[in-house]
Amino acid sequence: MPRPLTLALAAVPSLVLSGLALPGPAGAAGASGPVSGLLSPRGGAPAISGDAGNAQAGIVDESALRYYAAQKQTDRVQAEIRRLRRLHPGWNPPGDLDTLQPSPPEEAPLWDLFTAGRFDALQAAIAARKAEDPDWSPSADLSTKLARALLRSRVKAAAESGDWGAIVARVEANPAVLDRGEVDILWLVAEAYARTGRDAQAAAIYRSILDTSTDPNQRLATIQKALGSLSIAEVDPLLALGRDGPDGAGEFRSLRTDITRARIVAVLHDEPSGRIDPADLSAFGDYARRGGDPGQLSLLGWYAYHRRQFREALDWFKLAISRGGDAQVAQGLAQTLRELGQDRDAEEVAYGWRALPANANLYVDIMERRLTQPNPAYIEPDRIDRFARFVLATSSGEGAQALGWYAYHACQFETALEWFQRATAWLPRESVILGHTLSLMRLKRPREAAELINRYDGLYPRVVDIAFRSDEGGEPDACAPARPAEARPAGGRPADPRAAAGAPRIAQVPSPVAPAPAGRAAQTRRSDFPIAVVGDNPMRFFPAGSPALDRVRDGDYRRDPRGDPPLVARRVPGVGAMPYERLGYALLPGWNGADAPGTPLADQRPAVGTLAQAEQTAAATAPQDARPRPQTAGDRFAPFGQANLDDARGSRSVR
Amino acid sequence: MPCVSSLAQSPAGTDPAPASRAGQADPLPLAGSLADPAVWRAYRSRFVTEAGRVVDTANGNISHSEGQGYGMLLAVAAGDRGAFERIWGWTRANLMVREDSLFAWRWEPDKRPAVADMNDASDGDILIAWALAEAAETWNDAGFRMEARRIAIDIGRRVVLFKTPNPLLLPAYSGFSAEDRPDGPVINLSYWVFPAFPRLAQIAPEFDWSRLGRAGIDLLARSRFGPARLPSEWISMKGDAPRPADGFPAVFSYNAIRIPLYLAWAGLGTPENLAPFLDLWNQRDRNGLPVVDVNDGRATEWMSETGFGALPALVACAAQGTAVPAGFASPQSRDNYYPATLHLMSLAAVQMRYRACLGR
């Protein structure tokens, strides 16, 4: 009986947060273990959760002040300073008030347009005036203000429409127009730089604000904006500009949650994260649980997963799911369950959330691994049926091959063949063609087997090897009705370990089609190699109703006439020696002139700098006592096929 | 009055709209961008077999993962699901022979075995993954989506150097890395299929595809070699500065002419990104595109089939808003597979992003 699913997901984990924090940053070396091929999804949580409203209130409208100062109306200047200080505690008057010059009286109508925000009309008026009087120019004050106002409206409009490149282009065309006092515009410009990949320029703008601004809200908001645009490694130097407290932490203390989140995200992306204080992590956990946002909760799940603390990860993901977490959270849950060896639960979660392709693939991978074990544990027929339906609905090559091997191991060769035919259409890897060929041999259909062997001559040594076997495909038949006298031949070993352990327990494997009559047999003939066959793989299985099944008319498609297929294979780069080479037969040179066997793909290492190579290195240097991982995405490259093939060979060598 | 003078250059109302530089803010989807059924039918009947094989007619009628990917994209663009399934069906049945989810890049009829090379080509892999992701959206097919993700993950894990300070797209799993070549890593900028990256980011969000795209743009800006300031087909990334790779002709040729196509198609067709290509193709004094020796900037031969001419039209449209010439939207030539394909893709790109250039 299957274990009941423990994933009712209602129970909130009584998680002790110190459990997540342990072993703490001091033990961070433990986090450098092998990283899963599936990195955690990005952007599970908004980068900024704080209230930006304060910051908007922090923008100080200094226009009246500057007007009075230019007019040299000292009393009004002082009154306005008092008023602004009352409204904006912490605000200080700009230092250039003494230098402002009054505008000429004839500009008054132009200023009216400016104050009314009618910049287009103002530009037109200026142009008209200049047309009348080429020597005339508006005052420096008006030109600057107009330029800034235009920049302001254009930047805002561009930000709204997401045209960040336009903002950068506009600012770079005339950097002088950028008003260092208009912090909200500076934020947008910094964001534009960051979004167009120019992080250093963005950081410089944030830094310039922090260097000059004394408004606490503005300073806090600047850090928030920086956290939203830049990596934490680029924000850390800005945090160091905090003014209160000896280490700068004090002033930005209220952003602790955002900062911790940014560090966690950096860890998940294998980027420099700075030190995560256990107390900060603990506080973030409290915040996440209090808020109950599945995005925040699952972020901690991914963090624990990344540190290979799968128990903690499980608790966080379950909690996140119970709070309405989506398919991506379910992906974390399923992967964590798998790491914990709870494949049965992982299967249910992945299937339940299969609308996300990551989960659909995970479901197939879990089933593939389970079904292709030589002695698969009992699997209820309903679950196999469900999987078979899914495989057909999605044309999954991995799934078809898994069902092929499962049926093969259960001695249901007709069914195995049906699945291997589909796998051959959808994913004709060596292990698939091998399973396909072996199934045909078992069914005494040597002509079809020979066609496969010949089609993959030069490409798949283990398939070609079948033609050079010393026996004729008649294995000590584990699948024949048990006759005790034959079950244990003179050699002593059971004829086929699967016979005793596996086959009897496997129920009828569902076939993709109605069962066909078995065995239209012919004799296996060694002379079936080499024979001339077309190189094209003709297998196709389109879903019912596919327009690819429609009859085509002459002229719809290109004609593809063929010459005579050759009998001698050629070298293929990335393929090792063919079995018959040891008998002295040679191959033709490859398309690139290659004359010797290549390094088989499986023996080629991924390039240094790829994630695949980093994972291999991490796995090779992982502590020996690390719990073996049930499966990684990388396992697909050394698939069960290996085990099965060895197994198939083992049973042959018994003879 | 520095501020005023700068303003005077762009008076209100004539401010250059972003759309005229980098395309429409709201590109149309790929599906439906090859709306003229006659155009697609002609292409299909000339280059796609009933089995779904896309035939490189100028190259011994071989097939490759790149051509299969182009065929799949064009079938989505034309809304022809039957052709799409045939082409994808052939592709997986004949090229998915590796132990990962990437594609053997080269296939030759009348050879034993027909697969010529177990190595992949990352542009073919990317094109196929992109096409599957588009097809999954267009026809809401879970199987296409799953397969697109498997391919994208193996691209991200196995052929992109994501662990280096600036990510690099290797041209293949084998043969181009620093371990494989003294001047490695060697890259090919025309394998950066920029318009595919946003789709790959949707289907495999755990990889930073936009960073890879930005690294490609940056690399392009640094790979302006010789007097014509053009990138060579193959570029050595060993050391500080990119340079033409050893053992390959240092030319701007059949491969690299796709760089501006992908830039424009991705909405990255800014005048600065496209400048070297604009300059080169604006100066043409005859039909066809020059193959340029990047060392001396001279043309060594000409790519003269008419379809190639779609690329300068696309570039001028993307960078300057120039209307495309008559005939751009209804190719009728007897071109071979490659120029015919480039023409149809340029047409799809204009339909998606620069409809103004079609005069509609």
# chains A, B, ... in the order shown; residues from 1 in each chain; ligands from 1

call {"tool": "interface_residues", "arguments": {"of": "chain B", "to": "chain A", "cutoff": "6 Å", "atoms": "only C-alpha atoms", "output": "PDB file with C-alpha atoms, in the first residue's frame"}}
result
ATOM      1  CA  CYS B   3      20.241  74.659 -22.181  1.00  0.00           C
ATOM      2  CA  VAL B   4      18.151  76.622 -24.617  1.00  0.00           C
ATOM      3  CA  ALA B  12       8.219  70.319 -28.698  1.00  0.00           C
ATOM      4  CA  ARG B  44       7.422  25.302 -47.790  1.00  0.00           C
ATOM      5  CA  SER B  45       7.119  23.681 -51.186  1.00  0.00           C
ATOM      6  CA  ARG B  46      10.693  24.562 -52.030  1.00  0.00           C
ATOM      7  CA  PHE B  47      12.545  23.763 -48.806  1.00  0.00           C
ATOM      8  CA  VAL B  48      10.428  21.591 -46.492  1.00  0.00           C
ATOM      9  CA  THR B  49       9.853  17.916 -47.234  1.00  0.00           C
ATOM     10  CA  GLU B  50       6.663  16.095 -46.309  1.00  0.00           C
ATOM     11  CA  GLY B  82       0.680  20.876 -39.578  1.00  0.00           C
ATOM     12  CA  GLU B  85       4.544  19.382 -36.281  1.00  0.00           C
ATOM     13  CA  ARG B  86       6.121  17.767 -39.324  1.00  0.00           C
ATOM     14  CA  ARG B  92      13.422  15.181 -32.825  1.00  0.00           C
ATOM     15  CA  ALA B  93      13.324  11.863 -34.704  1.00  0.00           C
ATOM     16  CA  ASN B  94      16.614  12.555 -36.454  1.00  0.00           C
ATOM     17  CA  MET B  96      17.805  14.220 -30.794  1.00  0.00           C
ATOM     18  CA  VAL B  97      20.480  11.562 -30.679  1.00  0.00           C
ATOM     19  CA  GLU B  99      22.453  12.156 -24.253  1.00  0.00           C
ATOM     20  CA  ASP B 100      21.317  15.700 -23.389  1.00  0.00           C
ATOM     21  CA  ASP B 110      22.388   9.052 -48.369  1.00  0.00           C
ATOM     22  CA  ARG B 112      25.502   5.895 -43.105  1.00  0.00           C
ATOM     23  CA  PRO B 113      24.677   7.095 -40.510  1.00  0.00           C
ATOM     24  CA  ALA B 114      22.833  10.196 -41.663  1.00  0.00           C
ATOM     25  CA  ALA B 116      27.162  13.588 -39.495  1.00  0.00           C
ATOM     26  CA  ASP B 117      28.254  15.005 -36.164  1.00  0.00           C
ATOM     27  CA  MET B 118      27.219  14.402 -32.568  1.00  0.00           C
ATOM     28  CA  GLY B 143       4.321  19.032 -24.645  1.00  0.00           C
ATOM     29  CA  MET B 146       8.019  20.960 -21.638  1.00  0.00           C
ATOM     30  CA  ARG B 157      23.754  24.640 -18.208  1.00  0.00           C
ATOM     31  CA  ARG B 158      25.989  23.249 -20.908  1.00  0.00           C
ATOM     32  CA  VAL B 160      26.686  29.150 -21.776  1.00  0.00           C
ATOM     33  CA  LEU B 161      29.571  30.257 -19.589  1.00  0.00           C
ATOM     34  CA  PHE B 162      27.343  31.732 -16.886  1.00  0.00           C
ATOM     35  CA  LYS B 163      30.073  31.393 -14.285  1.00  0.00           C
ATOM     36  CA  THR B 164      32.380  33.892 -15.965  1.00  0.00           C
ATOM     37  CA  SER B 177      36.212  26.344 -24.945  1.00  0.00           C
ATOM     38  CA  GLU B 206      16.371  30.336 -13.412  1.00  0.00           C
TER      39      GLU B 206
END

call {"tool": "select_by_dssp", "arguments": {"residues": "segment 139-272 of chain B", "states": "strand (DSSP E)", "output": "count of residues only"}}
result
12

call {"tool": "residues_around", "arguments": {"residues": "segment 249-254 of chain A", "least_positions_apart": "6", "cutoff": "10 Å", "atoms": "only C-alpha atoms", "output": "ChimeraX atom specification"}}
result
/A:50,216,219-221,223-224,239-243

call {"tool": "select_by_dssp", "arguments": {"residues": "segment 229-352 of chain B", "states": "alpha helix (DSSP H)", "output": "MDAnalysis selection string"}}
result
chainID B and resid 258:265 271:282 310:320 337:352

call {"tool": "closest_residue", "arguments": {"among": "B:Pro249, B:Pro29, B:Gly239, B:Pro167", "to": "Asn295 of chain B", "atoms": "only C-alpha atoms"}}
result
B:Pro249

call {"tool": "atom_distance", "arguments": {"atom1": "atom CA of Gly321 of chain B", "atom2": "atom CA of Leu274 of chain B"}}
result
12.8 Å

call {"tool": "residues_around", "arguments": {"residues": "segment 335-338 of chain A", "least_positions_apart": "6", "cutoff": "9 Å", "atoms": "only C-alpha atoms", "output": "ChimeraX atom specification"}}
result
/A:301,305,310-311,313-314,317,344-347,350,362,366,629-631

call {"tool": "atom_distance", "arguments": {"atom1": "atom CA of Val186 of chain B", "atom2": "atom CA of Ala241 of chain B"}}
result
12.2 Å

call {"tool": "residues_around", "arguments": {"residues": "Ile257 of chain B", "least_positions_apart": "5", "cutoff": "8 Å", "atoms": "only C-alpha atoms", "output": "CSV table (one decimal) with N, CA and C atoms, in the first residue's frame"}}
result
chain,number,residue,atom,x,y,z
B,190,SER,N,26.8,35.7,-34.2
B,190,SER,CA,25.5,35.5,-34.9
B,190,SER,C,24.8,34.3,-34.2
B,252,PHE,N,33.8,39.2,-42.3
B,252,PHE,CA,32.4,39.4,-42.0
B,252,PHE,C,31.6,38.8,-43.1
B,311,LEU,N,18.2,42.1,-45.7
B,311,LEU,CA,18.8,42.6,-44.5
B,311,LEU,C,19.1,44.1,-44.5

call {"tool": "residues_around", "arguments": {"residues": "Ala215 of chain B", "least_positions_apart": "4", "cutoff": "12 Å", "atoms": "only C-alpha atoms", "output": "list in words"}}
result
Thr196, Gly197 and Arg198 of chain A; Val160, Leu161, Phe162, Thr164, Pro165, Asn166, Pro167, Leu168, Leu169, Leu189, Trp192, Phe194, Asp208, Trp209, Ser210, Arg211, Leu219, Leu220, Ala221, Arg222 and Ser223 of chain B

call {"tool": "atom_distance", "arguments": {"atom1": "atom CA of Leu200 of chain B", "atom2": "atom CA of Asp180 of chain B"}}
result
27.4 Å

call {"tool": "closest_residue", "arguments": {"among": "B:Gly67, B:Gly216, B:Gly79, B:Gly175", "to": "Arg41 of chain B", "atoms": "only C-alpha atoms"}}
result
B:Gly79

call {"tool": "residues_around", "arguments": {"residues": "Trp187 of chain A", "least_positions_apart": "6", "cutoff": "10 Å", "atoms": "only C-alpha atoms", "output": "count of residues only"}}
result
10
